[in-house]
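Have a look at the structure below, then the notes.
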2 protein chains.
Amino acid sequence: MVSLKILKRSKKSRARLGILKTPHGEVETPTLVGVATQATVKALTVDQVKATGTGLLICNTFHLHLKPGEQVVKKAGGLHKFMGWKGPLMTDSGGYQVFSLGFGRDFGVGKIAHAPSKHKVGLKQQPKLLKITEEGVAFTSYLDGSRIFLTPEKSMQIQAALGADIAFAFDECTPPLADRAYTVQSMERTHRWAERCLKARDPKQAVFGIVQGSKFKDLRTLSARIIAAMPFDGFGIGGEFGYSKSDMSAMLRVVVKELPDNKPRHLLGVGHPEDLARVVKEGVDTFDCTVPTQYARHGTAFTSSGRIEITKSRYLADKKPLDPKCECSTCATYSRAYLCHLMRSKENTGGTLVTIHNLYYFQALMAKIRSDIKKGRM
Amino acid sequence: MVSLKILKRSKKSRARLGILKTPHGEVETPTLVGVATQATVKALTVDQVKATGTGLLICNTFHLHLKPGEQVVKKAGGLHKFMGWKGPLMTDSGGYQVFSLGFGRDFGVGKIAHAPSKHKVGLKQQPKLLKITEEGVAFTSYLDGSRIFLTPEKSMQIQAALGADIAFAFDECTPPLADRAYTVQSMERTHRWAERCLKARDPKQAVFGIVQGSKFKDLRTLSARIIAAMPFDGFGIGGEFGYSKSDMSAMLRVVVKELPDNKPRHLLGVGHPEDLARVVKEGVDTFDCTVPTQYARHGTAFTSSGRIEITKSRYLADKKPLDPKCECSTCATYSRAYLCHLMRSKENTGGTLVTIHNLYYFQALMAKIRSDIKKGRM
């Protein structure tokens with residue numbers, strides 16, 4: 001179904017070079033997974049995605065359930081055929097939306113908090129727009145106010161209908177504002193949901209279990225042990241890790257230690273350029289992040305000399321490509337002046353071209369990281 | 001500079017097959033010119049534009065003067081280098097905006113009226129947001145309210161700085177609501193402006209004069225004779241022609257009769273699929289139109305079996321490509337179901353994919369028309 005062949009291990013870290021094998025082909029790991037929430041990497045065609053070196057995409061169960069509905073996708077022949085993507089595909093479970101449309105929305109925070117907040121989420125507290133119970137999560141649709149009830153079983157059914165190569169177990173992405181009591185309650189429920197997901201899974205589809213436990217080291221260890229003991233095909237690491245990058249490293253270390261060595265590990269929703277080597281060193285094989293694509297559409301390009309805010313008017317006079325060291329099609333053809341003009345003129349082509357660059361830039365960093373592991377330099 | 005080599009003439013019509021030669025390469029004619037108002041075909045990269053078979057683009061002098069300003073483009077090495085387009089390029093003169101931001105805006109009409117209107121534009125009448133005088137046109141910027149004064153000289157200077165292969169003379173695109181007196185006044189001023197354009201032109205850049213005269217046959221003949229007698233490198237035919245397609249044919253006929261046979265003829269801003277063969281039969285070599293691109297972004301695809309409104313929910317169950325007979329990359333890869341989903345989910349990729357199809361579809365019609373002329377079938 002899905003397996004990871006490990007080709008080489010770093011001696012100085014937990015980094016490993018591998019090949020993730022799926023029914024829709026192989027991907028070299030470690031790699032960045034492209035985010036295709038609504039069955040498209042925003043602003044790109046699949047040809048453009050492929051040309052960035054992106055080999056694996058992740059789509060969103062919750063959004064595709066709302067639009068166009070999993071039955072539409074199934075009738076179209078499954079997600080691969082529907083979106084014209086011939087390579088490996090993942091679907092997340094909707095667990096992230098339990099946070100982002102819940103406490104994340106209520107308190108205006110992302111899943112990673114960079115400092116303690118005055119807000120706290122405590123035991124039995126509920127978000128405003130959804131209700132989390134043992135049975136599942138009742139969402140209020142942001143599209144039309146209709147009610148959507150997601151359970152572990154329902155998430156697995158939707159994901160089976162979508163038909164990606166890899167599905168994720170339905171969990172609650174723990175809010176960074178949660179106190180220990182809430183985190184324990186949520187984590188234990190996520191573990192019970194994981195067992196229900198395994199019972200409800202499509203046996204022909206690989207399913208990854210998700211480790212939670214938030215910023216509490218002992219809970220992370222406990223969650224990793226419990227999830228690792230279940231017969232999943234791979235493992236996701238979800239939620240937040242504390243306030244600093246070194247907190248993240250430390251927390252990944254305790255989790256990865258508990259996970260079976262021969263199965264793939266996916267880090268959910270993390271990935272600024274400075275994080276890539278860091279998470280790979282802790283033994284992460286794949287990770288997804290909206291940073292390269294979302295920042296691109298807002299005019300932020302990542303380059304070998306740092307970030308460029310390409311909407312700033314001073315770039316109108318700059319004939320250089322976004323990154324003179326980059327070999328992507330955007331840098332080969334277009335100047336900063338032109339990209340600045342497109343962004344300032346609200347031309348969608350601007351977002352497309354910067355997205356191509358950012359994804360290519362991130363994948364080039366990943367190729368360098370893989371090469372470093374191969375040469376024993378990581 | 002720019003010349004037209006005529007390869008074959010139709011015996012049954014005024015259609016002609018040719019090659020338009022420019023400093024940036026050759027284009028087979030008759031052909032549809034892609035509209036790249038703000039120095040990009042909306043939603044496409046230049047690679048995607050090329051793949052549709054589009055060989056010649058037209059950019060907008062007025063919009064590029066506002067954003068990013070012609071000096072930015074000039075410093076970037078000219079419009080070709082700025083936008084990464086290596087093929088032939090035209091710039092219109094700003095004359096269309098004299099209408100679209102003037103009476104067109106005041107009365108909410110396009111340049112082609114399909115029936116008589118209760119509104120009339122008469123002698124010495126002025127639009128609300130701009131003032132048309134012998135010297136030129138004072139615009140109020142829709143961006144920031146600032147005043148922009150365009151004159152024939154200024155338009156030629158801007159176009160020279162932009163540096164397209166072909167510039168157009170500055171004219172007034174006559175409103176379809178204009179009575180005969182207004183049309184005469186406007187047309188005569190356009191003729192005087194044409195002479196001023198020739199004096200102000202960059203001698204290294206080809207300039208096309210523009211014939212006006214609206215729906216009045218005798219004025220069309222007069223305008224064509226006067227403009228044809230001036231040393232332009234080619235001719236544009238602007239404004240409206242009456243209320244029906246056959247009015248348009250009749251009016252093109254009287255104009256083309258007066259134009260020199262050996263110079264290229266461009267029809268400004270016309271081109272629904274059903275118009276293509278019609279205008280070619282009257283001896284038009286090139287024409288530009290926003291129809292394929294603008295309709296695409298609003299979800300209308302043109303196909304061999306008629307228009308498809310791809311946003312309609314019934315297409316979610318349709319696995320066929322937009323046009324099973326089409327060979328474009330969109331039809332090769334994506335179903336109507338997927339395109340419908342993208343459009344309904346407000347994903348820009350949807351507009352991109354339908355734009356690729358529409359441009360390809362139009363250019364395929366043009367290739368068929370050229371083949372028909374070659375085979376003596378037009």
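Letters A, B, ... mark the chains of the structure tokens in the order given; residue numbers begin at 1 per chain; ligand numbers begin at 1, in order shown.
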Spatial neighbours of Met251 in chain A, max dist 12 Å, only C-alpha atoms, sep filter under 6 positions, as a PyMOL selection string: chain A and resi 211-221+223-224+237-245+257-258+267+278-279+282-283
Counting only C-alpha atoms, what is within 10 Å of Leu322 in chain B, bar same-chain residues fewer than 6 positions away, as a list in words? Ala301, Phe302, Thr303, Ser304, Ser305, Arg307, Ile308, Ile310, Tyr315, Cys328, Thr330, Cys331, Ala332, Tyr334, Ser335, Arg336, Ala337, Leu339, Val354, His357 and Asn358 of chain B
Shortest interatomic distance to Pro176 in chain B - which of B:Val35, B:Asp285, B:His80, B:Phe107, counting only C-alpha atoms: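 Under the stated criterion, the closest residue is B:Phe107.
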Contact set, chain A to chain B: 8 Å, only C-alpha atoms, as JSON, numbers by chain: {"A": [38, 40, 42, 43, 44, 45, 67, 68, 72, 75, 76, 82, 83, 84, 316, 317, 318, 319, 333, 334, 335, 337, 338, 341, 342, 345, 347, 348, 349, 353]}
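When only C-alpha atoms are used to measure the gap to Lys124 in chain A, the shortest distance among A:Asn262, A:Ser3, A:Ser186, A:Thr29 belongs to A:Ser186.
Within 8 Å of Gly95 in chain B, once only C-alpha atoms are used and residues closer than 5 positions along the same chain are dropped, the contacting residues are Phe170, Asp171, Glu172 and Cys173 of chain B.
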